[in-house]
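> Input file: work10.txt. Contents: compact mmCIF, N, CA and C atoms.
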```txt
# COMPACT_ATOMS: atom_id res chain seq x y z
N MET X 1 71.44 -140.50 -139.34
CA MET X 1 70.83 -141.26 -140.40
C MET X 1 71.61 -141.03 -141.68
N ARG X 2 71.74 -142.04 -142.48
CA ARG X 2 72.49 -141.93 -143.72
C ARG X 2 71.68 -141.23 -144.79
N SER X 3 72.37 -140.49 -145.64
CA SER X 3 71.67 -139.91 -146.78
C SER X 3 71.48 -141.00 -147.82
N ALA X 4 70.68 -140.73 -148.82
CA ALA X 4 70.42 -141.72 -149.86
C ALA X 4 71.72 -142.15 -150.53
N SER X 5 72.65 -141.23 -150.68
CA SER X 5 73.91 -141.58 -151.33
C SER X 5 74.80 -142.44 -150.44
N GLU X 6 74.55 -142.42 -149.12
CA GLU X 6 75.35 -143.22 -148.19
C GLU X 6 74.66 -144.52 -147.78
N ALA X 7 73.50 -144.79 -148.33
CA ALA X 7 72.74 -145.97 -147.93
C ALA X 7 73.56 -147.24 -148.19
N ARG X 8 73.43 -148.18 -147.27
CA ARG X 8 74.13 -149.45 -147.43
C ARG X 8 73.48 -150.27 -148.53
N PRO X 9 74.28 -151.00 -149.26
CA PRO X 9 73.70 -151.92 -150.25
C PRO X 9 72.86 -152.97 -149.53
N PRO X 10 71.84 -153.52 -150.21
CA PRO X 10 70.96 -154.51 -149.57
C PRO X 10 71.72 -155.68 -148.95
N GLU X 11 72.81 -156.12 -149.55
CA GLU X 11 73.54 -157.27 -149.00
C GLU X 11 74.18 -156.98 -147.65
N GLU X 12 74.35 -155.70 -147.30
CA GLU X 12 74.94 -155.34 -146.02
C GLU X 12 73.89 -155.08 -144.95
N ARG X 13 72.62 -155.08 -145.31
CA ARG X 13 71.58 -154.76 -144.34
C ARG X 13 71.42 -155.85 -143.29
N GLY X 14 71.83 -157.08 -143.58
CA GLY X 14 71.75 -158.16 -142.61
C GLY X 14 72.93 -158.15 -141.64
N ASP X 15 73.80 -157.18 -141.76
CA ASP X 15 74.97 -157.06 -140.90
C ASP X 15 74.54 -156.99 -139.44
N PRO X 16 75.17 -157.81 -138.56
CA PRO X 16 74.81 -157.78 -137.13
C PRO X 16 74.97 -156.41 -136.49
N ALA X 17 75.75 -155.54 -137.08
CA ALA X 17 75.91 -154.19 -136.53
C ALA X 17 74.59 -153.41 -136.58
N ASN X 18 73.67 -153.86 -137.42
CA ASN X 18 72.37 -153.19 -137.53
C ASN X 18 71.37 -153.68 -136.48
N ALA X 19 71.73 -154.67 -135.69
CA ALA X 19 70.80 -155.27 -134.73
C ALA X 19 70.19 -154.25 -133.76
N PRO X 20 70.94 -153.29 -133.21
CA PRO X 20 70.32 -152.35 -132.28
C PRO X 20 69.20 -151.51 -132.90
N VAL X 21 69.40 -151.01 -134.11
CA VAL X 21 68.35 -150.20 -134.73
C VAL X 21 67.14 -151.05 -135.07
N LEU X 22 67.36 -152.28 -135.50
CA LEU X 22 66.24 -153.16 -135.80
C LEU X 22 65.47 -153.53 -134.53
N ALA X 23 66.19 -153.76 -133.44
CA ALA X 23 65.53 -154.06 -132.17
C ALA X 23 64.70 -152.87 -131.70
N ALA X 24 65.24 -151.67 -131.84
CA ALA X 24 64.51 -150.46 -131.44
C ALA X 24 63.26 -150.28 -132.30
N MET X 25 63.39 -150.51 -133.61
CA MET X 25 62.24 -150.38 -134.49
C MET X 25 61.17 -151.42 -134.15
N GLU X 26 61.60 -152.62 -133.82
CA GLU X 26 60.66 -153.68 -133.44
C GLU X 26 59.91 -153.29 -132.15
N LEU X 27 60.64 -152.80 -131.16
CA LEU X 27 60.03 -152.38 -129.90
C LEU X 27 59.04 -151.24 -130.12
N LEU X 28 59.49 -150.20 -130.79
CA LEU X 28 58.66 -149.01 -130.96
C LEU X 28 57.54 -149.20 -131.95
N GLY X 29 57.66 -150.20 -132.81
CA GLY X 29 56.61 -150.49 -133.79
C GLY X 29 55.41 -151.21 -133.21
N GLN X 30 55.53 -151.70 -131.98
CA GLN X 30 54.39 -152.37 -131.35
C GLN X 30 53.32 -151.34 -131.01
N ARG X 31 52.09 -151.74 -131.19
CA ARG X 31 50.98 -150.82 -130.94
C ARG X 31 51.05 -150.26 -129.52
N TRP X 32 50.83 -148.98 -129.40
CA TRP X 32 50.75 -148.20 -128.17
C TRP X 32 52.10 -147.79 -127.59
N MET X 33 53.20 -148.34 -128.05
CA MET X 33 54.51 -148.00 -127.47
C MET X 33 54.81 -146.52 -127.60
N LEU X 34 54.75 -146.02 -128.82
CA LEU X 34 55.07 -144.60 -129.02
C LEU X 34 54.06 -143.70 -128.33
N ARG X 35 52.82 -144.12 -128.26
CA ARG X 35 51.79 -143.31 -127.59
C ARG X 35 52.11 -143.18 -126.11
N VAL X 36 52.53 -144.27 -125.47
CA VAL X 36 52.90 -144.19 -124.04
C VAL X 36 54.04 -143.19 -123.86
N LEU X 37 55.06 -143.30 -124.69
CA LEU X 37 56.19 -142.38 -124.59
C LEU X 37 55.75 -140.94 -124.84
N TRP X 38 54.86 -140.75 -125.80
CA TRP X 38 54.33 -139.41 -126.11
C TRP X 38 53.63 -138.81 -124.89
N GLU X 39 52.79 -139.62 -124.25
CA GLU X 39 52.02 -139.13 -123.10
C GLU X 39 52.91 -138.85 -121.89
N LEU X 40 54.03 -139.56 -121.78
CA LEU X 40 54.93 -139.36 -120.64
C LEU X 40 55.95 -138.24 -120.88
N GLU X 41 56.03 -137.76 -122.11
CA GLU X 41 57.04 -136.76 -122.44
C GLU X 41 56.94 -135.50 -121.58
N PRO X 42 55.75 -134.97 -121.31
CA PRO X 42 55.69 -133.76 -120.48
C PRO X 42 56.06 -133.98 -119.02
N GLY X 43 55.92 -135.22 -118.53
CA GLY X 43 56.25 -135.48 -117.13
C GLY X 43 55.57 -136.74 -116.63
N ARG X 44 55.82 -137.04 -115.38
CA ARG X 44 55.32 -138.28 -114.79
C ARG X 44 53.80 -138.32 -114.70
N LEU X 45 53.28 -139.55 -114.83
CA LEU X 45 51.84 -139.78 -114.72
C LEU X 45 51.59 -141.07 -113.97
N GLY X 46 50.51 -141.10 -113.22
CA GLY X 46 50.07 -142.33 -112.60
C GLY X 46 49.37 -143.20 -113.63
N PHE X 47 49.19 -144.48 -113.29
CA PHE X 47 48.59 -145.43 -114.22
C PHE X 47 47.20 -144.98 -114.67
N LEU X 48 46.36 -144.57 -113.73
CA LEU X 48 44.98 -144.22 -114.09
C LEU X 48 44.92 -143.01 -115.02
N GLU X 49 45.74 -142.01 -114.77
CA GLU X 49 45.76 -140.84 -115.64
C GLU X 49 46.32 -141.21 -117.01
N LEU X 50 47.36 -142.01 -117.02
CA LEU X 50 47.92 -142.46 -118.29
C LEU X 50 46.88 -143.27 -119.07
N ARG X 51 46.20 -144.15 -118.39
CA ARG X 51 45.15 -144.97 -119.04
C ARG X 51 44.05 -144.07 -119.60
N ARG X 52 43.67 -143.04 -118.89
CA ARG X 52 42.64 -142.11 -119.36
C ARG X 52 43.09 -141.42 -120.65
N ARG X 53 44.35 -141.03 -120.70
CA ARG X 53 44.88 -140.34 -121.87
C ARG X 53 45.06 -141.25 -123.08
N MET X 54 45.12 -142.55 -122.83
CA MET X 54 45.41 -143.51 -123.90
C MET X 54 44.18 -143.89 -124.71
N GLY X 55 43.02 -143.36 -124.37
CA GLY X 55 41.83 -143.64 -125.17
C GLY X 55 41.39 -145.09 -125.07
N ASN X 56 41.38 -145.80 -126.18
CA ASN X 56 40.86 -147.16 -126.19
C ASN X 56 41.90 -148.25 -125.95
N CYS X 57 43.01 -147.91 -125.35
CA CYS X 57 44.00 -148.92 -124.94
C CYS X 57 43.51 -149.53 -123.63
N SER X 58 43.39 -150.86 -123.61
CA SER X 58 42.89 -151.52 -122.41
C SER X 58 43.92 -151.44 -121.28
N SER X 59 43.45 -151.59 -120.06
CA SER X 59 44.34 -151.57 -118.89
C SER X 59 45.37 -152.69 -118.98
N SER X 60 44.95 -153.86 -119.41
CA SER X 60 45.90 -154.98 -119.49
C SER X 60 46.96 -154.73 -120.56
N MET X 61 46.56 -154.17 -121.70
CA MET X 61 47.55 -153.86 -122.75
C MET X 61 48.50 -152.78 -122.28
N LEU X 62 47.97 -151.76 -121.60
CA LEU X 62 48.83 -150.69 -121.08
C LEU X 62 49.83 -151.26 -120.09
N SER X 63 49.38 -152.16 -119.23
CA SER X 63 50.30 -152.78 -118.25
C SER X 63 51.43 -153.51 -118.95
N VAL X 64 51.11 -154.25 -120.00
CA VAL X 64 52.13 -154.99 -120.75
C VAL X 64 53.10 -154.02 -121.41
N ARG X 65 52.57 -152.96 -122.03
CA ARG X 65 53.44 -151.99 -122.70
C ARG X 65 54.34 -151.27 -121.69
N LEU X 66 53.80 -150.92 -120.55
CA LEU X 66 54.62 -150.28 -119.53
C LEU X 66 55.73 -151.20 -119.06
N GLN X 67 55.42 -152.47 -118.89
CA GLN X 67 56.44 -153.45 -118.47
C GLN X 67 57.54 -153.55 -119.52
N HIS X 68 57.17 -153.63 -120.80
CA HIS X 68 58.18 -153.73 -121.86
C HIS X 68 59.05 -152.49 -121.93
N LEU X 69 58.44 -151.32 -121.76
CA LEU X 69 59.22 -150.08 -121.79
C LEU X 69 60.14 -149.96 -120.58
N GLN X 70 59.72 -150.51 -119.44
CA GLN X 70 60.60 -150.53 -118.27
C GLN X 70 61.80 -151.45 -118.52
N ILE X 71 61.53 -152.64 -119.05
CA ILE X 71 62.60 -153.60 -119.35
C ILE X 71 63.58 -152.99 -120.35
N ALA X 72 63.06 -152.24 -121.32
CA ALA X 72 63.91 -151.60 -122.33
C ALA X 72 64.67 -150.40 -121.78
N GLY X 73 64.33 -149.98 -120.55
CA GLY X 73 65.05 -148.86 -119.94
C GLY X 73 64.58 -147.49 -120.41
N LEU X 74 63.38 -147.42 -121.00
CA LEU X 74 62.89 -146.14 -121.51
C LEU X 74 61.99 -145.41 -120.52
N ILE X 75 61.39 -146.15 -119.59
CA ILE X 75 60.58 -145.54 -118.54
C ILE X 75 60.93 -146.19 -117.21
N VAL X 76 60.54 -145.53 -116.13
CA VAL X 76 60.75 -146.07 -114.79
C VAL X 76 59.45 -145.89 -114.01
N LYS X 77 59.19 -146.86 -113.14
CA LYS X 77 58.04 -146.77 -112.23
C LYS X 77 58.58 -146.27 -110.91
N ASN X 78 58.04 -145.17 -110.43
CA ASN X 78 58.51 -144.54 -109.20
C ASN X 78 57.86 -145.17 -107.97
N ALA X 79 58.38 -144.85 -106.80
CA ALA X 79 57.85 -145.37 -105.54
C ALA X 79 56.38 -145.01 -105.35
N ASP X 80 55.96 -143.85 -105.88
CA ASP X 80 54.55 -143.46 -105.77
C ASP X 80 53.68 -144.09 -106.86
N LYS X 81 54.26 -145.03 -107.60
CA LYS X 81 53.60 -145.80 -108.67
C LYS X 81 53.31 -144.96 -109.91
N SER X 82 53.92 -143.80 -110.03
CA SER X 82 53.81 -143.02 -111.26
C SER X 82 54.91 -143.50 -112.22
N TYR X 83 54.74 -143.16 -113.48
CA TYR X 83 55.71 -143.53 -114.51
C TYR X 83 56.30 -142.27 -115.10
N GLU X 84 57.57 -142.38 -115.49
CA GLU X 84 58.20 -141.26 -116.17
C GLU X 84 59.31 -141.78 -117.06
N LEU X 85 59.70 -140.93 -118.01
CA LEU X 85 60.78 -141.28 -118.93
C LEU X 85 62.11 -141.32 -118.20
N THR X 86 62.95 -142.24 -118.60
CA THR X 86 64.34 -142.25 -118.14
C THR X 86 65.13 -141.31 -119.03
N THR X 87 66.41 -141.19 -118.77
CA THR X 87 67.26 -140.39 -119.65
C THR X 87 67.21 -140.95 -121.07
N ALA X 88 67.25 -142.28 -121.19
CA ALA X 88 67.18 -142.91 -122.52
C ALA X 88 65.85 -142.61 -123.20
N GLY X 89 64.77 -142.61 -122.44
CA GLY X 89 63.45 -142.28 -123.00
C GLY X 89 63.38 -140.85 -123.47
N THR X 90 63.96 -139.95 -122.70
CA THR X 90 64.00 -138.54 -123.09
C THR X 90 64.85 -138.35 -124.34
N GLU X 91 65.99 -139.05 -124.39
CA GLU X 91 66.86 -138.98 -125.57
C GLU X 91 66.15 -139.51 -126.81
N LEU X 92 65.35 -140.55 -126.64
CA LEU X 92 64.57 -141.08 -127.76
C LEU X 92 63.60 -140.02 -128.27
N GLY X 93 62.95 -139.31 -127.37
CA GLY X 93 62.05 -138.23 -127.78
C GLY X 93 62.77 -137.18 -128.60
N VAL X 94 63.97 -136.83 -128.19
CA VAL X 94 64.77 -135.86 -128.95
C VAL X 94 65.09 -136.43 -130.34
N ALA X 95 65.47 -137.70 -130.38
CA ALA X 95 65.79 -138.34 -131.66
C ALA X 95 64.57 -138.40 -132.58
N LEU X 96 63.39 -138.56 -132.01
CA LEU X 96 62.17 -138.66 -132.82
C LEU X 96 61.60 -137.30 -133.22
N GLN X 97 62.15 -136.23 -132.70
CA GLN X 97 61.63 -134.90 -133.00
C GLN X 97 61.56 -134.66 -134.51
N GLY X 98 62.58 -135.07 -135.23
CA GLY X 98 62.58 -134.90 -136.68
C GLY X 98 61.45 -135.68 -137.35
N VAL X 99 61.13 -136.85 -136.84
CA VAL X 99 60.04 -137.65 -137.38
C VAL X 99 58.72 -136.93 -137.13
N TRP X 100 58.54 -136.39 -135.93
CA TRP X 100 57.31 -135.67 -135.62
C TRP X 100 57.16 -134.43 -136.50
N GLU X 101 58.25 -133.72 -136.74
CA GLU X 101 58.18 -132.54 -137.60
C GLU X 101 57.85 -132.95 -139.03
N TRP X 102 58.49 -134.01 -139.51
CA TRP X 102 58.19 -134.51 -140.85
C TRP X 102 56.72 -134.92 -140.95
N SER X 103 56.19 -135.58 -139.92
CA SER X 103 54.81 -136.06 -139.98
C SER X 103 53.82 -134.90 -140.10
N ARG X 104 54.12 -133.78 -139.47
CA ARG X 104 53.23 -132.61 -139.59
C ARG X 104 53.23 -132.08 -141.02
N ARG X 105 54.43 -132.02 -141.62
CA ARG X 105 54.51 -131.56 -143.02
C ARG X 105 53.80 -132.55 -143.94
N TRP X 106 54.00 -133.84 -143.71
CA TRP X 106 53.37 -134.89 -144.52
C TRP X 106 51.85 -134.81 -144.40
N ASP X 107 51.37 -134.66 -143.18
CA ASP X 107 49.93 -134.60 -142.94
C ASP X 107 49.30 -133.43 -143.70
N ALA X 108 50.02 -132.33 -143.77
CA ALA X 108 49.50 -131.15 -144.46
C ALA X 108 49.37 -131.38 -145.96
N THR X 109 50.07 -132.36 -146.50
CA THR X 109 49.99 -132.63 -147.95
C THR X 109 48.84 -133.56 -148.30
N LEU X 110 48.24 -134.21 -147.31
CA LEU X 110 47.17 -135.16 -147.58
C LEU X 110 45.85 -134.44 -147.77
N THR X 111 45.13 -134.84 -148.78
CA THR X 111 43.82 -134.23 -149.02
C THR X 111 42.69 -135.04 -148.42
N ASP X 112 42.93 -136.34 -148.22
CA ASP X 112 41.90 -137.23 -147.67
C ASP X 112 42.44 -137.82 -146.37
N PRO X 113 41.77 -137.59 -145.24
CA PRO X 113 42.24 -138.16 -143.95
C PRO X 113 42.42 -139.68 -143.99
N ALA X 114 41.70 -140.37 -144.87
CA ALA X 114 41.86 -141.83 -144.97
C ALA X 114 43.24 -142.20 -145.48
N ASP X 115 43.95 -141.27 -146.10
CA ASP X 115 45.30 -141.56 -146.61
C ASP X 115 46.31 -141.74 -145.48
N ARG X 116 45.93 -141.39 -144.24
CA ARG X 116 46.84 -141.51 -143.10
C ARG X 116 47.00 -142.96 -142.65
N THR X 117 46.09 -143.81 -143.02
CA THR X 117 46.14 -145.21 -142.58
C THR X 117 46.46 -146.11 -143.74
N VAL X 118 46.98 -147.25 -143.40
CA VAL X 118 47.32 -148.25 -144.44
C VAL X 118 46.34 -149.37 -144.41
```
Kindly return the structure encoded in the file as structure tokens.

Amino acid sequence: MRSASEARPPEERGDPANAPVLAAMELLGQRWMLRVLWELEPGRLGFLELRRRMGNCSSSMLSVRLQHLQIAGLIVKNADKSYELTTAGTELGVALQGVWEWSRRWDATLTDPADRTV
């Protein structure tokens, strides 16, 4: 990631070279995507167990999210119908580690839990 002093000027942000990061942000910004990856990080899970861990995510929404993550190459459905992260999915988790650490520090600065939502 670029430091503030290395940030691209706004006129360069539309550069096609930025398309991969924008596509990744679009994919991961969809509701439940990061949660699915979070739940699969420790290891493979079957659909029912994953659905149980997802709280109020409907079965149909979970199915759609799993399909999108498979197409993106971040998870794989095994012969036993369990799901697990691919190498790319695991690498994404490593890349997001800094975000998770930052979020813990940020959360500790909030005095009102309502400040966590927009």
> Pick out the closest residue to Gly93 of chain X from this set: X:Arg52, X:Ile75, X:Leu66, X:Asp112. Count only C-alpha atoms.
X:Ile75
> Quote the spacing between atom CA of Thr86 of chain X and atom N of Gly73 of chain X in Å to one decimal place.
8.1 Å
> Have a look at atom N of Met61 of chain X and atom CA of Val99 of chain X and let me know their distance in Å, one decimal.
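About the pair atom N of Met61 of chain X and atom CA of Val99 of chain X: they are 26.5 Å apart.
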> DSSP says strand (DSSP E) for which residues of chain X? Put them as a list in words?
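Filtering chain X down to strand (DSSP E) leaves Leu45, Gly46, Ile75, Val76, Lys77, Ser82, Tyr83, Glu84 and Leu85 of chain X.
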> List as a list in words the residues having at least one atom at most 12 Å from position (56.3, -151.7, -119.0) as given in the file, counting only C-alpha atoms.
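Using only C-alpha atoms, the matching residues come out as Leu27, Trp32, Met33, Val36, Leu37, Phe47, Ser59, Ser60, Met61, Leu62, Ser63, Val64, Arg65, Leu66, Gln67, His68, Leu69, Gln70, Ile71, Ala72, Gly73, Leu74, Ile75, Val76, Lys77, Ser82, Tyr83, Glu84 and Leu85 of chain X.
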> From a DSSP pass on the backbone, collect the residues of chain X flagged as helix (DSSP H, G or I) and hand them back as a PyMOL selection string.
chain X and resi 4-6+10-12+16-28+33-40+47-53+59-71+87-109+113-116
> Taking only C-alpha atoms into account, which of X:Gly29, X:Leu34, X:Leu50, X:Val21 comes nearest Lys81 of chain X?
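Closest to Lys81 of chain X, using only C-alpha atoms: X:Leu50.
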> To one decimal in Å, tell me the separation between atom CA of Gly98 of chain X and atom CA of Gly46 of chain X.
28.1 Å
> Find, counting only C-alpha atoms, the residue in X:Trp100, X:Gly89, X:Arg105, X:Gly55 that gets nearest to Gly43 of chain X.
X:Gly89
